[in-house]
file model-v1.cif (mmCIF, C-alpha atoms)
data_target
loop_
_atom_site.group_PDB
_atom_site.id
_atom_site.type_symbol
_atom_site.label_atom_id
_atom_site.label_comp_id
_atom_site.auth_asym_id
_atom_site.auth_seq_id
_atom_site.Cartn_x
_atom_site.Cartn_y
_atom_site.Cartn_z
ATOM 1 C CA MET A 1 -69.170 -14.211 96.867
ATOM 2 C CA SER A 2 -70.884 -12.719 93.802
ATOM 3 C CA ASP A 3 -73.630 -14.401 91.797
ATOM 4 C CA ASN A 4 -72.458 -12.510 88.704
ATOM 5 C CA LEU A 5 -70.146 -13.902 86.058
ATOM 6 C CA LEU A 6 -68.166 -10.663 85.806
ATOM 7 C CA ASP A 7 -67.659 -7.727 88.166
ATOM 8 C CA VAL A 8 -65.751 -4.685 86.909
ATOM 9 C CA HIS A 9 -64.537 -1.737 88.995
ATOM 10 C CA ILE A 10 -61.809 0.204 87.200
ATOM 11 C CA ARG A 11 -60.290 3.654 86.869
ATOM 12 C CA HIS A 12 -58.286 4.591 83.804
ATOM 13 C CA THR A 13 -57.064 7.616 81.855
ATOM 14 C CA LEU A 14 -58.503 8.014 78.359
ATOM 15 C CA HIS A 15 -56.493 9.948 75.786
ATOM 16 C CA THR A 16 -59.013 11.215 73.244
ATOM 17 C CA VAL A 17 -59.128 13.789 70.447
ATOM 18 C CA HIS A 18 -60.920 16.025 72.953
ATOM 19 C CA GLY A 19 -58.151 15.676 75.533
ATOM 20 C CA ILE A 20 -57.673 13.524 78.610
ATOM 21 C CA LEU A 21 -60.773 12.012 80.202
ATOM 22 C CA PRO A 22 -60.958 10.027 83.457
ATOM 23 C CA MET A 23 -62.663 6.655 82.970
ATOM 24 C CA GLU A 24 -64.622 5.426 85.973
ATOM 25 C CA VAL A 25 -66.588 2.230 85.363
ATOM 26 C CA ASP A 26 -68.462 -0.024 87.779
ATOM 27 C CA PHE A 27 -70.817 -2.748 86.546
ATOM 28 C CA SER A 28 -71.666 -6.440 86.805
ATOM 29 C CA LEU A 29 -72.614 -8.969 84.135
ATOM 30 C CA ALA A 30 -74.938 -11.865 84.898
ATOM 31 C CA ARG A 31 -74.296 -15.372 83.613
ATOM 32 C CA GLY A 32 -75.825 -15.915 80.197
ATOM 33 C CA SER A 33 -76.465 -12.203 79.690
ATOM 34 C CA MET A 34 -76.082 -10.362 76.380
ATOM 35 C CA MET A 35 -75.028 -6.820 77.244
ATOM 36 C CA VAL A 36 -74.675 -4.048 74.676
ATOM 37 C CA LEU A 37 -72.293 -1.169 75.285
ATOM 38 C CA THR A 38 -73.165 1.909 73.254
ATOM 39 C CA GLY A 39 -72.572 5.648 73.204
ATOM 40 C CA PRO A 40 -70.678 8.300 71.208
ATOM 41 C CA SER A 41 -67.337 7.649 69.555
ATOM 42 C CA GLY A 42 -64.401 8.299 71.849
ATOM 43 C CA ALA A 43 -66.376 7.548 75.009
ATOM 44 C CA GLY A 44 -64.119 4.597 75.922
ATOM 45 C CA LYS A 45 -66.162 1.571 74.780
ATOM 46 C CA THR A 46 -63.363 -0.228 72.923
ATOM 47 C CA THR A 47 -60.915 0.634 75.690
ATOM 48 C CA LEU A 48 -63.262 -0.943 78.227
ATOM 49 C CA LEU A 49 -63.397 -4.192 76.227
ATOM 50 C CA ARG A 50 -59.614 -4.263 76.034
ATOM 51 C CA LEU A 51 -59.309 -3.612 79.770
ATOM 52 C CA ILE A 52 -61.639 -6.538 80.492
ATOM 53 C CA ALA A 53 -59.691 -8.756 78.087
ATOM 54 C CA GLY A 54 -56.376 -7.851 79.732
ATOM 55 C CA LEU A 55 -54.970 -6.211 76.595
ATOM 56 C CA ILE A 56 -54.604 -2.914 78.486
ATOM 57 C CA HIS A 57 -53.556 -2.327 82.095
ATOM 58 C CA PRO A 58 -55.857 0.139 83.892
ATOM 59 C CA ASP A 59 -54.566 2.787 86.248
ATOM 60 C CA SER A 60 -56.306 1.080 89.148
ATOM 61 C CA GLY A 61 -59.200 -1.180 89.975
ATOM 62 C CA ARG A 62 -60.468 -4.724 90.298
ATOM 63 C CA ILE A 63 -62.000 -7.249 87.893
ATOM 64 C CA THR A 64 -63.336 -10.608 89.047
ATOM 65 C CA PHE A 65 -64.623 -13.427 86.856
ATOM 66 C CA GLU A 66 -66.587 -16.245 88.499
ATOM 67 C CA ASN A 67 -65.130 -15.022 91.788
ATOM 68 C CA ASN A 68 -61.606 -15.435 90.432
ATOM 69 C CA THR A 69 -59.505 -12.283 90.459
ATOM 70 C CA TRP A 70 -58.376 -11.191 87.001
ATOM 71 C CA LEU A 71 -57.183 -7.799 88.152
ATOM 72 C CA ASP A 72 -56.454 -6.196 91.506
ATOM 73 C CA SER A 73 -54.168 -3.208 91.266
ATOM 74 C CA SER A 74 -53.796 -2.963 95.050
ATOM 75 C CA LEU A 75 -52.424 -6.526 95.156
ATOM 76 C CA ARG A 76 -50.547 -6.198 91.848
ATOM 77 C CA VAL A 77 -52.568 -9.024 90.326
ATOM 78 C CA HIS A 78 -53.003 -8.998 86.541
ATOM 79 C CA VAL A 79 -53.986 -12.280 84.872
ATOM 80 C CA PRO A 80 -52.663 -12.252 81.259
ATOM 81 C CA VAL A 81 -55.104 -12.279 78.366
ATOM 82 C CA GLN A 82 -54.324 -15.874 77.342
ATOM 83 C CA LYS A 83 -55.416 -17.092 80.793
ATOM 84 C CA ARG A 84 -58.739 -15.236 80.765
ATOM 85 C CA HIS A 85 -61.531 -17.465 79.502
ATOM 86 C CA ILE A 86 -62.799 -15.105 76.812
ATOM 87 C CA GLY A 87 -63.360 -14.867 73.069
ATOM 88 C CA PHE A 88 -62.774 -11.571 71.260
ATOM 89 C CA VAL A 89 -64.356 -10.578 67.925
ATOM 90 C CA PHE A 90 -62.931 -7.462 66.287
ATOM 91 C CA GLN A 91 -64.626 -5.262 63.694
ATOM 92 C CA ASP A 92 -61.779 -5.844 61.225
ATOM 93 C CA TYR A 93 -61.981 -9.676 61.654
ATOM 94 C CA ALA A 94 -58.220 -10.022 62.522
ATOM 95 C CA LEU A 95 -57.909 -13.323 60.636
ATOM 96 C CA PHE A 96 -54.551 -14.842 59.717
ATOM 97 C CA PRO A 97 -54.332 -14.229 55.937
ATOM 98 C CA HIS A 98 -51.832 -17.047 55.267
ATOM 99 C CA MET A 99 -54.062 -19.690 56.933
ATOM 100 C CA THR A 100 -57.152 -21.408 55.614
ATOM 101 C CA VAL A 101 -60.493 -20.989 57.349
ATOM 102 C CA ARG A 102 -60.087 -24.277 59.183
ATOM 103 C CA LYS A 103 -56.494 -23.519 60.210
ATOM 104 C CA ASN A 104 -57.610 -20.155 61.609
ATOM 105 C CA LEU A 105 -59.921 -22.079 63.942
ATOM 106 C CA LEU A 106 -57.387 -24.792 64.743
ATOM 107 C CA PHE A 107 -54.783 -22.183 65.667
ATOM 108 C CA ALA A 108 -57.115 -20.933 68.417
ATOM 109 C CA LEU A 109 -57.427 -24.364 70.055
ATOM 110 C CA ALA A 110 -56.021 -24.823 73.525
ATOM 111 C CA ARG A 111 -53.213 -27.319 73.988
ATOM 112 C CA ASN A 112 -54.548 -30.894 73.914
ATOM 113 C CA GLN A 113 -58.018 -29.635 72.923
ATOM 114 C CA SER A 114 -59.832 -31.809 70.373
ATOM 115 C CA ALA A 115 -60.279 -30.429 66.858
ATOM 116 C CA GLU A 116 -63.868 -31.668 66.938
ATOM 117 C CA ILE A 117 -65.139 -28.305 68.233
ATOM 118 C CA ALA A 118 -63.615 -26.559 65.188
ATOM 119 C CA ASP A 119 -65.533 -28.850 62.831
ATOM 120 C CA GLU A 120 -68.726 -28.343 64.834
ATOM 121 C CA LEU A 121 -68.411 -24.573 64.597
ATOM 122 C CA LEU A 122 -67.617 -24.708 60.877
ATOM 123 C CA GLU A 123 -70.847 -26.621 60.425
ATOM 124 C CA ALA A 124 -72.863 -24.345 62.716
ATOM 125 C CA THR A 125 -71.684 -21.209 60.909
ATOM 126 C CA GLY A 126 -72.160 -22.647 57.421
ATOM 127 C CA LEU A 127 -68.449 -22.608 56.655
ATOM 128 C CA SER A 128 -67.728 -26.287 56.091
ATOM 129 C CA GLN A 129 -67.638 -25.907 52.309
ATOM 130 C CA LEU A 130 -65.238 -22.971 52.661
ATOM 131 C CA ALA A 131 -62.867 -24.595 55.157
ATOM 132 C CA ASP A 132 -59.934 -24.813 52.724
ATOM 133 C CA ARG A 133 -60.190 -21.245 51.441
ATOM 134 C CA SER A 134 -58.058 -18.339 52.585
ATOM 135 C CA PRO A 135 -59.680 -15.229 54.132
ATOM 136 C CA ALA A 136 -58.941 -13.264 50.945
ATOM 137 C CA GLN A 137 -61.277 -15.602 49.040
ATOM 138 C CA LEU A 138 -64.222 -14.863 51.351
ATOM 139 C CA SER A 139 -66.833 -12.116 51.461
ATOM 140 C CA GLY A 140 -67.013 -9.758 54.436
ATOM 141 C CA GLY A 141 -69.903 -11.700 55.938
ATOM 142 C CA GLN A 142 -68.055 -14.996 55.540
ATOM 143 C CA GLN A 143 -64.927 -13.548 57.142
ATOM 144 C CA GLN A 144 -66.950 -12.322 60.107
ATOM 145 C CA ARG A 145 -68.452 -15.797 60.505
ATOM 146 C CA VAL A 146 -64.918 -17.197 60.634
ATOM 147 C CA ALA A 147 -63.973 -14.620 63.258
ATOM 148 C CA LEU A 148 -67.027 -15.512 65.351
ATOM 149 C CA ALA A 149 -66.373 -19.258 65.058
ATOM 150 C CA ARG A 150 -62.709 -18.795 65.980
ATOM 151 C CA ALA A 151 -63.663 -16.788 69.075
ATOM 152 C CA LEU A 152 -65.861 -19.675 70.248
ATOM 153 C CA VAL A 153 -63.353 -22.480 69.643
ATOM 154 C CA ARG A 154 -62.186 -22.587 73.262
ATOM 155 C CA LYS A 155 -65.800 -22.511 74.478
ATOM 156 C CA PRO A 156 -65.370 -19.209 76.318
ATOM 157 C CA GLU A 157 -67.836 -18.191 78.968
ATOM 158 C CA LEU A 158 -67.449 -14.538 77.969
ATOM 159 C CA LEU A 159 -67.509 -13.199 74.401
ATOM 160 C CA LEU A 160 -66.353 -9.620 73.735
ATOM 161 C CA MET A 161 -67.419 -8.118 70.388
ATOM 162 C CA ASP A 162 -66.304 -4.703 69.125
ATOM 163 C CA GLU A 163 -68.792 -3.486 66.488
ATOM 164 C CA PRO A 164 -68.628 -6.912 64.816
ATOM 165 C CA PHE A 165 -71.287 -6.286 62.142
ATOM 166 C CA ALA A 166 -70.813 -2.554 61.471
ATOM 167 C CA ALA A 167 -69.162 -2.987 58.054
ATOM 168 C CA LEU A 168 -71.792 -5.395 56.696
ATOM 169 C CA ASP A 169 -74.873 -4.701 54.599
ATOM 170 C CA PRO A 170 -78.250 -4.831 56.427
ATOM 171 C CA GLU A 171 -79.254 -8.286 55.169
ATOM 172 C CA MET A 172 -75.942 -9.902 56.133
ATOM 173 C CA ARG A 173 -76.044 -8.051 59.448
ATOM 174 C CA LEU A 174 -79.418 -9.620 60.269
ATOM 175 C CA GLN A 175 -78.165 -13.072 59.248
ATOM 176 C CA LEU A 176 -75.181 -12.820 61.580
ATOM 177 C CA GLN A 177 -77.337 -11.488 64.396
ATOM 178 C CA ASP A 178 -79.482 -14.604 63.962
ATOM 179 C CA LEU A 179 -76.354 -16.771 63.993
ATOM 180 C CA LEU A 180 -75.081 -15.104 67.166
ATOM 181 C CA LEU A 181 -78.407 -15.665 68.920
ATOM 182 C CA LYS A 182 -78.431 -19.305 67.775
ATOM 183 C CA LEU A 183 -74.897 -19.912 69.076
ATOM 184 C CA HIS A 184 -75.729 -18.101 72.312
ATOM 185 C CA ARG A 185 -78.693 -20.419 72.918
ATOM 186 C CA LYS A 186 -76.556 -23.475 72.162
ATOM 187 C CA HIS A 187 -73.382 -22.609 74.081
ATOM 188 C CA GLY A 188 -74.764 -20.381 76.841
ATOM 189 C CA PHE A 189 -71.912 -17.862 76.883
ATOM 190 C CA SER A 190 -72.270 -14.300 78.153
ATOM 191 C CA ALA A 191 -71.407 -11.421 75.840
ATOM 192 C CA ILE A 192 -70.550 -7.728 75.825
ATOM 193 C CA ILE A 193 -71.144 -6.163 72.406
ATOM 194 C CA VAL A 194 -70.161 -2.668 71.333
ATOM 195 C CA THR A 195 -72.579 -1.277 68.742
ATOM 196 C CA HIS A 196 -74.165 2.002 67.662
ATOM 197 C CA ASP A 197 -77.059 0.298 65.863
ATOM 198 C CA MET A 198 -80.364 0.783 67.682
ATOM 199 C CA GLY A 199 -82.050 -2.186 66.010
ATOM 200 C CA GLU A 200 -79.141 -4.418 67.000
ATOM 201 C CA ILE A 201 -79.456 -3.246 70.595
ATOM 202 C CA PHE A 202 -83.111 -4.242 70.817
ATOM 203 C CA ARG A 203 -82.578 -7.465 68.912
ATOM 204 C CA LEU A 204 -79.607 -8.817 70.851
ATOM 205 C CA ALA A 205 -79.402 -7.229 74.275
ATOM 206 C CA ASP A 206 -81.127 -8.116 77.518
ATOM 207 C CA HIS A 207 -79.099 -5.310 79.107
ATOM 208 C CA VAL A 208 -77.710 -2.074 77.658
ATOM 209 C CA ALA A 209 -75.236 0.454 79.043
ATOM 210 C CA ILE A 210 -74.695 3.899 77.545
ATOM 211 C CA MET A 211 -71.136 5.155 77.893
ATOM 212 C CA GLU A 212 -70.373 8.854 77.721
ATOM 213 C CA ALA A 213 -66.991 10.464 78.437
ATOM 214 C CA GLY A 214 -65.646 7.388 80.211
ATOM 215 C CA LYS A 215 -68.658 6.748 82.440
ATOM 216 C CA LEU A 216 -71.758 4.549 82.210
ATOM 217 C CA THR A 217 -74.527 7.134 82.355
ATOM 218 C CA ARG A 218 -77.592 4.915 81.869
ATOM 219 C CA THR A 219 -78.087 1.152 82.266
ATOM 220 C CA GLY A 220 -81.013 -1.245 82.151
ATOM 221 C CA THR A 221 -82.993 -3.287 79.660
ATOM 222 C CA PRO A 222 -83.395 -1.653 76.225
ATOM 223 C CA PRO A 223 -87.006 -0.609 76.954
ATOM 224 C CA GLU A 224 -86.000 0.804 80.342
ATOM 225 C CA VAL A 225 -83.220 2.876 78.802
ATOM 226 C CA TYR A 226 -84.912 4.030 75.606
ATOM 227 C CA LEU A 227 -88.691 3.894 75.741
ATOM 228 C CA ASN A 228 -90.158 7.351 76.345
ATOM 229 C CA ASN A 229 -86.712 8.498 77.424
ATOM 230 C CA ASP A 230 -84.859 9.788 74.380
ATOM 231 C CA HIS A 231 -82.437 12.451 75.567
ATOM 232 C CA THR A 232 -82.199 13.923 72.047
ATOM 233 C CA GLY A 233 -85.874 14.880 72.080
ATOM 234 C CA GLY A 234 -88.882 12.965 70.835
ATOM 235 C CA LEU A 235 -89.943 9.420 71.586
ATOM 236 C CA VAL A 236 -88.219 6.117 70.919
ATOM 237 C CA VAL A 237 -90.418 3.044 70.611
ATOM 238 C CA TYR A 238 -89.757 -0.614 69.876
ATOM 239 C CA GLY A 239 -91.751 -2.686 67.404
ATOM 240 C CA GLU A 240 -91.886 -6.127 65.826
ATOM 241 C CA VAL A 241 -93.064 -7.044 62.330
ATOM 242 C CA LEU A 242 -96.159 -9.279 62.234
ATOM 243 C CA THR A 243 -97.070 -9.494 58.535
ATOM 244 C CA VAL A 244 -95.696 -8.130 55.258
ATOM 245 C CA GLU A 245 -97.578 -7.494 52.007
ATOM 246 C CA LYS A 246 -96.286 -5.968 48.771
ATOM 247 C CA PRO A 247 -99.254 -4.445 46.934
ATOM 248 C CA GLY A 248 -97.119 -2.146 44.780
ATOM 249 C CA GLU A 249 -93.978 -0.070 45.146
ATOM 250 C CA THR A 250 -94.284 0.015 48.945
ATOM 251 C CA LEU A 251 -94.541 -2.631 51.626
ATOM 252 C CA LEU A 252 -97.633 -2.841 53.790
ATOM 253 C CA ILE A 253 -96.372 -3.766 57.246
ATOM 254 C CA ARG A 254 -98.479 -4.724 60.237
ATOM 255 C CA ALA A 255 -96.402 -4.423 63.371
ATOM 256 C CA TRP A 256 -96.798 -4.667 67.124
ATOM 257 C CA ILE A 257 -95.865 -1.244 68.483
ATOM 258 C CA ASP A 258 -96.420 0.009 72.008
ATOM 259 C CA GLY A 259 -99.027 -2.637 72.835
ATOM 260 C CA LYS A 260 -101.057 -2.194 69.639
ATOM 261 C CA ILE A 261 -101.109 -3.534 66.084
ATOM 262 C CA ARG A 262 -100.281 -0.665 63.741
ATOM 263 C CA GLN A 263 -100.005 -0.390 59.977
ATOM 264 C CA LEU A 264 -96.942 1.111 58.254
ATOM 265 C CA ASP A 265 -96.180 1.978 54.625
ATOM 266 C CA VAL A 266 -92.498 1.235 54.048
ATOM 267 C CA PRO A 267 -90.340 1.669 50.898
ATOM 268 C CA ALA A 268 -90.064 -1.638 49.048
ATOM 269 C CA HIS A 269 -86.254 -1.742 49.105
ATOM 270 C CA PHE A 270 -86.417 -2.457 52.855
ATOM 271 C CA GLU A 271 -88.114 -5.805 52.235
ATOM 272 C CA ALA A 272 -85.071 -7.858 53.272
ATOM 273 C CA GLN A 273 -85.056 -6.151 56.687
ATOM 274 C CA MET A 274 -88.794 -6.323 57.323
ATOM 275 C CA GLN A 275 -89.610 -9.995 57.678
ATOM 276 C CA PRO A 276 -92.167 -11.365 60.167
ATOM 277 C CA GLY A 277 -90.609 -11.552 63.618
ATOM 278 C CA THR A 278 -88.027 -8.840 62.873
ATOM 279 C CA PRO A 279 -87.649 -6.234 65.648
ATOM 280 C CA PHE A 280 -87.068 -2.582 64.799
ATOM 281 C CA THR A 281 -86.804 0.769 66.518
ATOM 282 C CA LEU A 282 -88.598 4.030 65.727
ATOM 283 C CA HIS A 283 -87.449 7.496 66.684
ATOM 284 C CA TYR A 284 -90.136 10.176 66.567
ATOM 285 C CA THR A 285 -89.262 13.875 66.675
ATOM 286 C CA ALA A 286 -91.492 16.939 66.658
ATOM 287 C CA ASP A 287 -91.244 17.702 62.950
ATOM 288 C CA CYS A 288 -90.433 14.366 61.325
ATOM 289 C CA VAL A 289 -90.389 10.611 61.737
ATOM 290 C CA ASP A 290 -87.008 8.913 61.618
ATOM 291 C CA ILE A 291 -86.389 5.185 61.954
ATOM 292 C CA ARG A 292 -82.873 4.054 62.721
ATOM 293 C CA ILE A 293 -83.042 0.905 60.562
ATOM 294 C CA LEU A 294 -85.585 1.806 57.911
ATOM 295 C CA LYS A 295 -84.543 5.448 57.523
ATOM 296 C CA SER A 296 -88.077 6.739 56.887
ATOM 297 C CA TYR A 297 -91.708 5.788 56.452
ATOM 298 C CA LYS A 298 -95.108 7.311 57.068
ATOM 299 C CA LEU A 299 -97.527 6.269 59.794
#
call {"tool": "encode", "arguments": {"input": "model-v1.cif", "output": "structure tokens"}}
result
Amino acid sequence: MSDNLLDVHIRHTLHTVHGILPMEVDFSLARGSMMVLTGPSGAGKTTLLRLIAGLIHPDSGRITFENNTWLDSSLRVHVPVQKRHIGFVFQDYALFPHMTVRKNLLFALARNQSAEIADELLEATGLSQLADRSPAQLSGGQQQRVALARALVRKPELLLMDEPFAALDPEMRLQLQDLLLKLHRKHGFSAIIVTHDMGEIFRLADHVAIMEAGKLTRTGTPPEVYLNNDHTGGLVVYGEVLTVEKPGETLLIRAWIDGKIRQLDVPAHFEAQMQPGTPFTLHYTADCVDIRILKSYKL
């Protein structure tokens, strides 16, 4: 008997632009955990989500969820996607264009499930006033909120998200990260999120796994994986904004970095991203300073 929510042990063949790669993945996900899956394009991250969801059949392996077998190739067990208690959020939203916002949520309800949860999620995601609009009448951020609400309609215990905020501007991205964290606290689901954004990793994840060429090469908490361990050279550190002042054309930021309060001069157009309590990630190299979210600043 496992204490984990999800246990994955699979082998699969990846067909990539670089040729055929063998995927070999073994990991566990704790209940209530927010895990980020990251790594280079073509490494197999999206394929792994689809294997967990049951949208793809692996070559071999075993997946258990709450000690229930979703997949066991040796026993020819493969639970179909509609019977796996998951929600899936795609990067391209995948909304039904001919349905209103509310009908998109209602369509996802299980048989005999009350529509009350749809109304609750519309309220929680700030979509109540937009419930009768079609997806074409919404902004990208609003459409992604609909996609997130729809994924949670059946109250899944596992949420799979494939680069859900990648196409959004930084301010909207932060707003939806806040919304995801709020819904996570309220509903207590576990999540696996594919993202390349370093700030998103530190903001959302309690566990991160780097996937390269079909294998998980490094796993742990974000600080364990990244702090003082940047394989590209240099040093990656995590910080959090404490105070923000705007004396002129730059922002004066006081931030908690590596156990100390430090002062940063940041270009003013990053003001929306640098609010008190906002986490960020710095990447130092030998000849320059590069920050994944803020692009550049001077220490």
call {"tool": "closest_residue", "arguments": {"input": "model-v1.cif", "among": "A:Pro267, A:Pro170, A:Pro135, A:Pro276", "to": "Gly199 (chain A)", "atoms": "all atoms listed in the file"}}
result
A:Pro170
call {"tool": "resolve_selection", "arguments": {"input": "model-v1.cif", "expression": "the PyMOL selection byres ((chain A and resi 16) around 10)", "output": "list in words"}}
result
Thr13, Leu14, His15, Val17, His18, Gly19, Ile20, Leu21, Ser41, Gly42, Ala43, Gly44 and Ala213 of chain A
call {"tool": "closest_residue", "arguments": {"input": "model-v1.cif", "among": "A:Asp119, A:Ala131, A:Gly61, A:Leu5", "to": "Leu29 (chain A)", "atoms": "all atoms listed in the file"}}
result
A:Leu5
call {"tool": "resolve_selection", "arguments": {"input": "model-v1.cif", "expression": "the PyMOL selection byres ((chain A and resi 64) around 10)", "output": "number ranges by chain"}}
result
A: 2, 4-9, 28, 52, 62-63, 65-72
call {"tool": "closest_atom_pairs", "arguments": {"input": "model-v1.cif", "of": "region 14-52 of chain A", "to": "region 204-208 of chain A", "cutoff": "12 Å", "atoms": "only C-alpha atoms", "output": "JSON lines"}}
result
{"residue": "A:Phe27", "atom": "CA", "partner": "A:Val208", "partner_atom": "CA", "distance": 11.3}
{"residue": "A:Ser28", "atom": "CA", "partner": "A:His207", "partner_atom": "CA", "distance": 10.8}
{"residue": "A:Leu29", "atom": "CA", "partner": "A:His207", "partner_atom": "CA", "distance": 9.0}
{"residue": "A:Ala30", "atom": "CA", "partner": "A:His207", "partner_atom": "CA", "distance": 9.7}
{"residue": "A:Arg31", "atom": "CA", "partner": "A:Asp206", "partner_atom": "CA", "distance": 11.7}
{"residue": "A:Gly32", "atom": "CA", "partner": "A:Asp206", "partner_atom": "CA", "distance": 9.8}
{"residue": "A:Ser33", "atom": "CA", "partner": "A:Asp206", "partner_atom": "CA", "distance": 6.6}
{"residue": "A:Met34", "atom": "CA", "partner": "A:Ala205", "partner_atom": "CA", "distance": 5.0}
{"residue": "A:Met35", "atom": "CA", "partner": "A:His207", "partner_atom": "CA", "distance": 4.7}
{"residue": "A:Val36", "atom": "CA", "partner": "A:Val208", "partner_atom": "CA", "distance": 4.7}
{"residue": "A:Leu37", "atom": "CA", "partner": "A:Val208", "partner_atom": "CA", "distance": 6.0}
{"residue": "A:Thr38", "atom": "CA", "partner": "A:Val208", "partner_atom": "CA", "distance": 7.5}
{"residue": "A:Gly39", "atom": "CA", "partner": "A:Val208", "partner_atom": "CA", "distance": 10.3}
call {"tool": "atom_distance", "arguments": {"input": "model-v1.cif", "atom1": "CA of Arg262 (chain A)", "atom2": "CA of Ile210 (chain A)"}}
result
29.4 Å
call {"tool": "residues_around", "arguments": {"input": "model-v1.cif", "residues": "Met274 (chain A)", "least_positions_apart": "6", "cutoff": "12 Å", "atoms": "all atoms listed in the file", "output": "list of chain:residue names"}}
result
A:Pro170, A:Glu171, A:Leu174, A:Gly199, A:Gly239, A:Glu240, A:Val241, A:Leu242, A:Thr243, A:Val244, A:Glu245, A:Lys246, A:Thr250, A:Leu251, A:Leu252, A:Ile253, A:Arg254, A:Ala255, A:Leu264, A:Asp265, A:Val266, A:Pro267, A:Ala268, A:Phe280, A:Thr281, A:Ile293, A:Leu294
call {"tool": "atom_distance", "arguments": {"input": "model-v1.cif", "atom1": "CA of His85 (chain A)", "atom2": "CA of Met23 (chain A)"}}
result
24.4 Å
call {"tool": "resolve_selection", "arguments": {"input": "model-v1.cif", "expression": "the PyMOL selection byres ((chain A and resi 175-185) around 10)", "output": "ChimeraX atom specification"}}
result
/A:32-34,121,124-126,141-142,144-145,148-149,152,159,164-165,168,170-174,186-191,200,203-204
call {"tool": "write_last_selection", "arguments": {"input": "model-v1.cif", "atoms": "C-alpha atoms", "output": "mmCIF file, in the frame of the given file"}}
result
data_model
loop_
_atom_site.group_PDB
_atom_site.id
_atom_site.type_symbol
_atom_site.label_atom_id
_atom_site.label_comp_id
_atom_site.auth_asym_id
_atom_site.auth_seq_id
_atom_site.Cartn_x
_atom_site.Cartn_y
_atom_site.Cartn_z
ATOM 1 C CA GLY A 32 -75.825 -15.915 80.197
ATOM 2 C CA SER A 33 -76.465 -12.203 79.690
ATOM 3 C CA MET A 34 -76.082 -10.362 76.380
ATOM 4 C CA LEU A 121 -68.411 -24.573 64.597
ATOM 5 C CA ALA A 124 -72.863 -24.345 62.716
ATOM 6 C CA THR A 125 -71.684 -21.209 60.909
ATOM 7 C CA GLY A 126 -72.160 -22.647 57.421
ATOM 8 C CA GLY A 141 -69.903 -11.700 55.938
ATOM 9 C CA GLN A 142 -68.055 -14.996 55.540
ATOM 10 C CA GLN A 144 -66.950 -12.322 60.107
ATOM 11 C CA ARG A 145 -68.452 -15.797 60.505
ATOM 12 C CA LEU A 148 -67.027 -15.512 65.351
ATOM 13 C CA ALA A 149 -66.373 -19.258 65.058
ATOM 14 C CA LEU A 152 -65.861 -19.675 70.248
ATOM 15 C CA LEU A 159 -67.509 -13.199 74.401
ATOM 16 C CA PRO A 164 -68.628 -6.912 64.816
ATOM 17 C CA PHE A 165 -71.287 -6.286 62.142
ATOM 18 C CA LEU A 168 -71.792 -5.395 56.696
ATOM 19 C CA PRO A 170 -78.250 -4.831 56.427
ATOM 20 C CA GLU A 171 -79.254 -8.286 55.169
ATOM 21 C CA MET A 172 -75.942 -9.902 56.133
ATOM 22 C CA ARG A 173 -76.044 -8.051 59.448
ATOM 23 C CA LEU A 174 -79.418 -9.620 60.269
ATOM 24 C CA LYS A 186 -76.556 -23.475 72.162
ATOM 25 C CA HIS A 187 -73.382 -22.609 74.081
ATOM 26 C CA GLY A 188 -74.764 -20.381 76.841
ATOM 27 C CA PHE A 189 -71.912 -17.862 76.883
ATOM 28 C CA SER A 190 -72.270 -14.300 78.153
ATOM 29 C CA ALA A 191 -71.407 -11.421 75.840
ATOM 30 C CA GLU A 200 -79.141 -4.418 67.000
ATOM 31 C CA ARG A 203 -82.578 -7.465 68.912
ATOM 32 C CA LEU A 204 -79.607 -8.817 70.851
#
call {"tool": "atom_distance", "arguments": {"input": "model-v1.cif", "atom1": "CA of Pro80 (chain A)", "atom2": "CA of Thr217 (chain A)"}}
result
29.2 Å
call {"tool": "closest_residue", "arguments": {"input": "model-v1.cif", "among": "A:Ile257, A:Leu95, A:Ile192, A:Leu48", "to": "Leu138 (chain A)", "atoms": "all atoms listed in the file"}}
result
A:Leu95
call {"tool": "closest_residue", "arguments": {"input": "model-v1.cif", "among": "A:Ile10, A:Ile56, A:Ala147, A:Ala167", "to": "Ala94 (chain A)", "atoms": "all atoms listed in the file"}}
result
A:Ala147
call {"tool": "residues_around", "arguments": {"input": "model-v1.cif", "residues": "Ser60 (chain A)", "least_positions_apart": "4", "cutoff": "7 Å", "atoms": "all atoms listed in the file", "output": "number ranges by chain"}}
result
A: 10-12, 73
call {"tool": "closest_residue", "arguments": {"input": "model-v1.cif", "among": "A:Arg154, A:Leu109, A:Met99, A:His57", "to": "Gly87 (chain A)", "atoms": "all atoms listed in the file"}}
result
A:Arg154
call {"tool": "closest_residue", "arguments": {"input": "model-v1.cif", "among": "A:Ala151, A:Val101, A:Leu160, A:Ala110", "to": "Gln137 (chain A)", "atoms": "all atoms listed in the file"}}
result
A:Val101
